[in-house]
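Following: one structure in structure tokens, then a few remarks.
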Amino acid sequence: MTEFYPAQVEKQLAETVTRLARSPQVRRDLDKARREAKRVLDVAEAKALLAASGTVAEKQAQVVLAVEEERAAFDEAEVAFRYAENQARNLESEQSSWQTILRSVLATYNAAGVSA
């Protein structure tokens with residue numbers, strides 16, 4: 001089992017808080033990129049649909065093929081945004097864990113009569 005000292009736990013907690021503080025900006029930027037990619041995809045689909053000919057099924061197939069790159073870009077942006085969301089949740093969990101560890105370490109020091 002790892003031994004923790006108050007100063008090292010406080011350092012870890014501070015680093016986690018700093019990373020967590022950057023997360024809203026990262027998520028905002030990735031959400032903006034995702035929305036832009038979605039807009040580009042929607043416009044490309046609309047243009048492809050207007051240019052398509054044939055039966056409904058043929059038009060749908062033409063649209064899917066015509067917007068392959070835009071769909072891939074949107075999917076990439078969506079994955080990046082979701083990853084950032086998951087990372088933020090993980091950081092919140094990590095912060096909570098470090099806070100719990102710090103309380104435990106401080107309680108142990110106090111019970112031993114040692115000032116942290």
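Residue numbering restarts at 1 in every chain; chains get A, B, ... in the order shown in the structure tokens, and ligands count up from 1 in that same order.
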
Inset, instruction - Would you list the contacts of stretch 33-47 of chain A as a ChimeraX atom specification, taking every protein, DNA or RNA residue within 10 Å and counting only C-alpha atoms, but skipping same-chain residues closer than 6 positions in sequence? - result: /A:27,60,62-81

Selection from above, N, CA and C atoms, as a PDB file, in the first residue's frame, can you write it?
```
ATOM      1  N   ARG A  27     -13.803  21.809 -23.454  1.00  0.00           N
ATOM      2  CA  ARG A  27     -15.110  21.313 -23.901  1.00  0.00           C
ATOM      3  C   ARG A  27     -15.816  22.332 -24.787  1.00  0.00           C
ATOM      4  N   GLN A  60     -30.879   8.658 -51.709  1.00  0.00           N
ATOM      5  CA  GLN A  60     -30.289   8.495 -50.375  1.00  0.00           C
ATOM      6  C   GLN A  60     -28.867   7.942 -50.473  1.00  0.00           C
ATOM      7  N   GLN A  62     -26.824   8.246 -53.013  1.00  0.00           N
ATOM      8  CA  GLN A  62     -25.972   9.292 -53.579  1.00  0.00           C
ATOM      9  C   GLN A  62     -25.565  10.298 -52.514  1.00  0.00           C
ATOM     10  N   VAL A  63     -26.502  10.642 -51.649  1.00  0.00           N
ATOM     11  CA  VAL A  63     -26.214  11.596 -50.571  1.00  0.00           C
ATOM     12  C   VAL A  63     -25.176  11.015 -49.618  1.00  0.00           C
ATOM     13  N   VAL A  64     -25.379   9.768 -49.216  1.00  0.00           N
ATOM     14  CA  VAL A  64     -24.434   9.119 -48.294  1.00  0.00           C
ATOM     15  C   VAL A  64     -23.029   9.120 -48.883  1.00  0.00           C
ATOM     16  N   LEU A  65     -22.913   8.772 -50.156  1.00  0.00           N
ATOM     17  CA  LEU A  65     -21.603   8.729 -50.810  1.00  0.00           C
ATOM     18  C   LEU A  65     -21.004  10.127 -50.984  1.00  0.00           C
ATOM     19  N   ALA A  66     -21.859  11.097 -51.255  1.00  0.00           N
ATOM     20  CA  ALA A  66     -21.374  12.454 -51.518  1.00  0.00           C
ATOM     21  C   ALA A  66     -20.834  13.142 -50.262  1.00  0.00           C
ATOM     22  N   VAL A  67     -21.327  12.748 -49.101  1.00  0.00           N
ATOM     23  CA  VAL A  67     -20.935  13.460 -47.869  1.00  0.00           C
ATOM     24  C   VAL A  67     -20.048  12.606 -46.959  1.00  0.00           C
ATOM     25  N   GLU A  68     -19.371  11.640 -47.528  1.00  0.00           N
ATOM     26  CA  GLU A  68     -18.517  10.749 -46.739  1.00  0.00           C
ATOM     27  C   GLU A  68     -17.480  11.513 -45.914  1.00  0.00           C
ATOM     28  N   GLU A  69     -16.795  12.452 -46.521  1.00  0.00           N
ATOM     29  CA  GLU A  69     -15.749  13.210 -45.813  1.00  0.00           C
ATOM     30  C   GLU A  69     -16.348  14.073 -44.709  1.00  0.00           C
ATOM     31  N   GLU A  70     -17.453  14.730 -45.004  1.00  0.00           N
ATOM     32  CA  GLU A  70     -18.093  15.580 -43.999  1.00  0.00           C
ATOM     33  C   GLU A  70     -18.605  14.749 -42.820  1.00  0.00           C
ATOM     34  N   ARG A  71     -19.124  13.564 -43.118  1.00  0.00           N
ATOM     35  CA  ARG A  71     -19.605  12.663 -42.063  1.00  0.00           C
ATOM     36  C   ARG A  71     -18.431  12.213 -41.187  1.00  0.00           C
ATOM     37  N   ALA A  72     -17.321  11.884 -41.819  1.00  0.00           N
ATOM     38  CA  ALA A  72     -16.134  11.457 -41.065  1.00  0.00           C
ATOM     39  C   ALA A  72     -15.626  12.593 -40.170  1.00  0.00           C
ATOM     40  N   ALA A  73     -15.625  13.818 -40.697  1.00  0.00           N
ATOM     41  CA  ALA A  73     -15.179  14.969 -39.910  1.00  0.00           C
ATOM     42  C   ALA A  73     -16.105  15.205 -38.719  1.00  0.00           C
ATOM     43  N   PHE A  74     -17.405  15.079 -38.952  1.00  0.00           N
ATOM     44  CA  PHE A  74     -18.357  15.245 -37.856  1.00  0.00           C
ATOM     45  C   PHE A  74     -18.173  14.146 -36.814  1.00  0.00           C
ATOM     46  N   ASP A  75     -18.031  12.911 -37.260  1.00  0.00           N
ATOM     47  CA  ASP A  75     -17.836  11.801 -36.326  1.00  0.00           C
ATOM     48  C   ASP A  75     -16.584  12.013 -35.478  1.00  0.00           C
ATOM     49  N   GLU A  76     -15.509  12.480 -36.115  1.00  0.00           N
ATOM     50  CA  GLU A  76     -14.274  12.759 -35.381  1.00  0.00           C
ATOM     51  C   GLU A  76     -14.484  13.851 -34.335  1.00  0.00           C
ATOM     52  N   ALA A  77     -15.178  14.908 -34.716  1.00  0.00           N
ATOM     53  CA  ALA A  77     -15.459  16.007 -33.786  1.00  0.00           C
ATOM     54  C   ALA A  77     -16.340  15.537 -32.638  1.00  0.00           C
ATOM     55  N   GLU A  78     -17.296  14.684 -32.935  1.00  0.00           N
ATOM     56  CA  GLU A  78     -18.191  14.145 -31.910  1.00  0.00           C
ATOM     57  C   GLU A  78     -17.419  13.277 -30.921  1.00  0.00           C
ATOM     58  N   VAL A  79     -16.544  12.435 -31.432  1.00  0.00           N
ATOM     59  CA  VAL A  79     -15.734  11.574 -30.567  1.00  0.00           C
ATOM     60  C   VAL A  79     -14.825  12.426 -29.672  1.00  0.00           C
ATOM     61  N   ALA A  80     -14.212  13.456 -30.232  1.00  0.00           N
ATOM     62  CA  ALA A  80     -13.332  14.325 -29.447  1.00  0.00           C
ATOM     63  C   ALA A  80     -14.108  15.023 -28.332  1.00  0.00           C
ATOM     64  N   PHE A  81     -15.299  15.497 -28.653  1.00  0.00           N
ATOM     65  CA  PHE A  81     -16.121  16.175 -27.639  1.00  0.00           C
ATOM     66  C   PHE A  81     -16.519  15.207 -26.537  1.00  0.00           C
TER      67      PHE A  81
END
```

Legend entry - Spatial neighbours of stretch 93-95 of chain A, 7 Å, only C-alpha atoms, chain gap at least 2 places, as a PyMOL selection string: chain A and resi 13+16-17+89-91+97-99

Inset, instruction - For atom CA of A:Phe4 and atom CA of A:Leu106, quote the distance in Å rounded to one decimal. - result: 9.9 Å

Legend entry - Computed interatomic separation between atom CA of A:Arg22 and atom CA of A:Glu85 (Å):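 Going from atom CA of A:Arg22 over to atom CA of A:Glu85, I get 12.2 Å.
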
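Counting from atom CA of A:Ala84, the distance to atom CA of A:Ala14 is 19.9 Å.
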